[in-house]
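K.L.:
The structure's right below; bear with me while I get my questions together.
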Number of protein chains: 2
Amino acid sequence: MTNKITTNGPAIILVNTQMGENIGMAARAMLNCGLSDLRLVAPRDGWPSETAQSTSSGALSVIEGARLYNTVAEAIADCSFVIGATARDRDMMKPVLSPETAAHAIHVADTAKGSPTSALVFGPERAGLTNEDVTCCDAVLTIPLNPDYSSLNIAQAVLLVAYQWYRHSNQSPANTDFIDRLAVTDKDTASKEEIESLLAHVEKALDDTGFFKTPQQRPTMLNNLRNAFQRMRMTVQETHTFHGLIKSLHGKEWKK
Amino acid sequence: MTNKITTNGPAIILVNTQMGENIGMAARAMLNCGLSDLRLVAPRDGWPSETAQSTSSGALSVIEGARLYNTVAEAIADCSFVIGATARDRDMMKPVLSPETAAHAIHVADTAKGSPTSALVFGPERAGLTNEDVTCCDAVLTIPLNPDYSSLNIAQAVLLVAYQWYRHSNQSPANTDFIDRLAVTDKDTASKEEIESLLAHVEKALDDTGFFKTPQQRPTMLNNLRNAFQRMRMTVQETHTFHGLIKSLHGKEWKK
């Protein structure tokens, strides 16, 4: 299975990774985000790895294209901008970047250099990168998370920063109109239970009055109605008004 | 093990999830991002789940606090803003949000409502949410990824959107100074191999001249030097200049 890579981005370098699963899942996260340059520094269980293949969920192009190195220095030799992932503060006077700023920095560095020559380096599962490995880096990546629970799997760390990198080159519209409408929503916005209760009332009234000509059209029409009602973002008061309206049209009290 | 939850955010609702691992890993991703309100709609293998516990990597507070429901409607009854994750286009006239805009929309909706009453709904592994489930939502979440390889594990989808939500309330500085410096980097920026070659020259010359008074201080001092050299972001020309400078000071030619 070959997957077309849409963009050229930073190399992902995994150092002394212990578990093949983590390499496989990192490859998957890379391909999700259009990255293809995987470099492995002395993976614990050797290479190639069946576990990495089977956990890559079809991202075989990345797994099969992975290059193997003995040291971090060899793996980054052709790079000119290198970021090392580290959860701990290393006190090395290096800029500390979030995934967002790391993605931005990689774009800026690659644009300035004229070609992609950046890399993100991730250490082994428990210990992380050695101080010596970190000294080879221009900056460190620290993912800002809940300070009481910040442990993150390697593949998840790769995903977060690769996603930010991908988004940097593939912006989508920001739905500002929709969000602006949410901002003016009243505190009194109806809960989903209140909306469902109104829909149940509508449904009952429509059934009573023979609105659905065939049983086949019923689910589709109800889905369309539900979509339209959700889009209204009614207040609780408005649901009451609608209950009154349906009661009035139908000529009957409604009981759940 | 209890973990303090730092913030109050959207509920994460997992519908008919097949694999306990995915619930466990989603719980971990939630706690990473300060979320705690996990709701499960009819998980395939029942609840509680030992697999979910063991794969949650210590996010037990989320697993143990999870609430169980029979239907999506019940799970979202107390919510007033609901986003359904869907990879496929549903053609339902609902706003399509990216993780970033979904996070923004949740913040805006919760602020307007005065309390957190939002939810993100994720369907089962293969099929995703049913059209009927999607009709209950105000908007849909679609994660923009490599169009040729966009399949994402549930826990990874939860992580991407939860991370965006967390970042919305915990912004960190953007390192603009550092990035501005990258922008003016010359195309001629040295590769890491050229920097290492210079460092090897420096190291040899310092060894020759008895710079390191004790063997203990050697690695630390070399790390400090390497950090300083990385920070300079030299051009290739500058590495040549430095090689010349060291040769001149040392009075000897250098051979690798």
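Please note that chains go A, B, ... in the order of the structure tokens, that every chain numbers its residues from 1, and that ligands are numbered from 1 in the order shown.
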Could you please tell me, as a PyMOL selection string, which residues of chain A have an atom within 6 Å of chain B when using only C-alpha atoms?
P.N.:
chain A and resi 32-34+77-80+101+105+108-109+112-113+135+138+145-146+149-150+174+179+182-183+185+187+191-193+226-227+230
K.L.:
Give me every helix (DSSP H, G or I) residue in region 50-216 of chain A, going by DSSP on the backbone, as a PyMOL selection string.
P.N.:
chain A and resi 50-55+60-64+72-75+99-113+131-135+154-169+176-183+192-208
K.L.:
Just to confirm, what's the straight-line distance from CA of Glu21 (chain A) to CA of Asn70 (chain A) in Å (one decimal)?
P.N.:
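If I compute the distance from CA of Glu21 (chain A) to CA of Asn70 (chain A), I get 20.5 Å.
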K.L.:
What's the 7 Å shell around Ala52 (chain A), counting only C-alpha atoms, without same-chain residues fewer than 5 positions away, as a PyMOL selection string?
P.N.:
chain A and resi 20-21+23-24
K.L.:
Using only C-alpha atoms, which of A:Ala85, A:Ala103, A:Ile13, A:Ala127 sits nearest Arg67 (chain A)?
P.N.:
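The shortest atom-to-atom distance to Arg67 (chain A) comes from A:Ile13.
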K.L.:
DSSP on the backbone, then: every residue of region 18-236 of chain A marked strand (DSSP E), written as an MDAnalysis selection string.
P.N.:
chainID A and resid 38:41 67:69 81:85 96:97 118:122 139:141
K.L.:
Which of these residues is nearest to Pro43 (chain B), using only C-alpha atoms: B:Asn8, B:Gln216, B:Ser61, B:Thr71?
P.N.:
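Of B:Asn8, B:Gln216, B:Ser61, B:Thr71, the one nearest Pro43 (chain B) is B:Thr71, counting only C-alpha atoms.
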K.L.:
Just how far from CA of Ser197 (chain A) is CA of Thr239 (chain A), in Å to one decimal?
P.N.:
8.9 Å
K.L.:
Suppose you want the space between CA of Gly123 (chain A) and CA of Ala162 (chain B); what is it in Å?
P.N.:
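CA of Gly123 (chain A) sits 24.2 Å away from CA of Ala162 (chain B).
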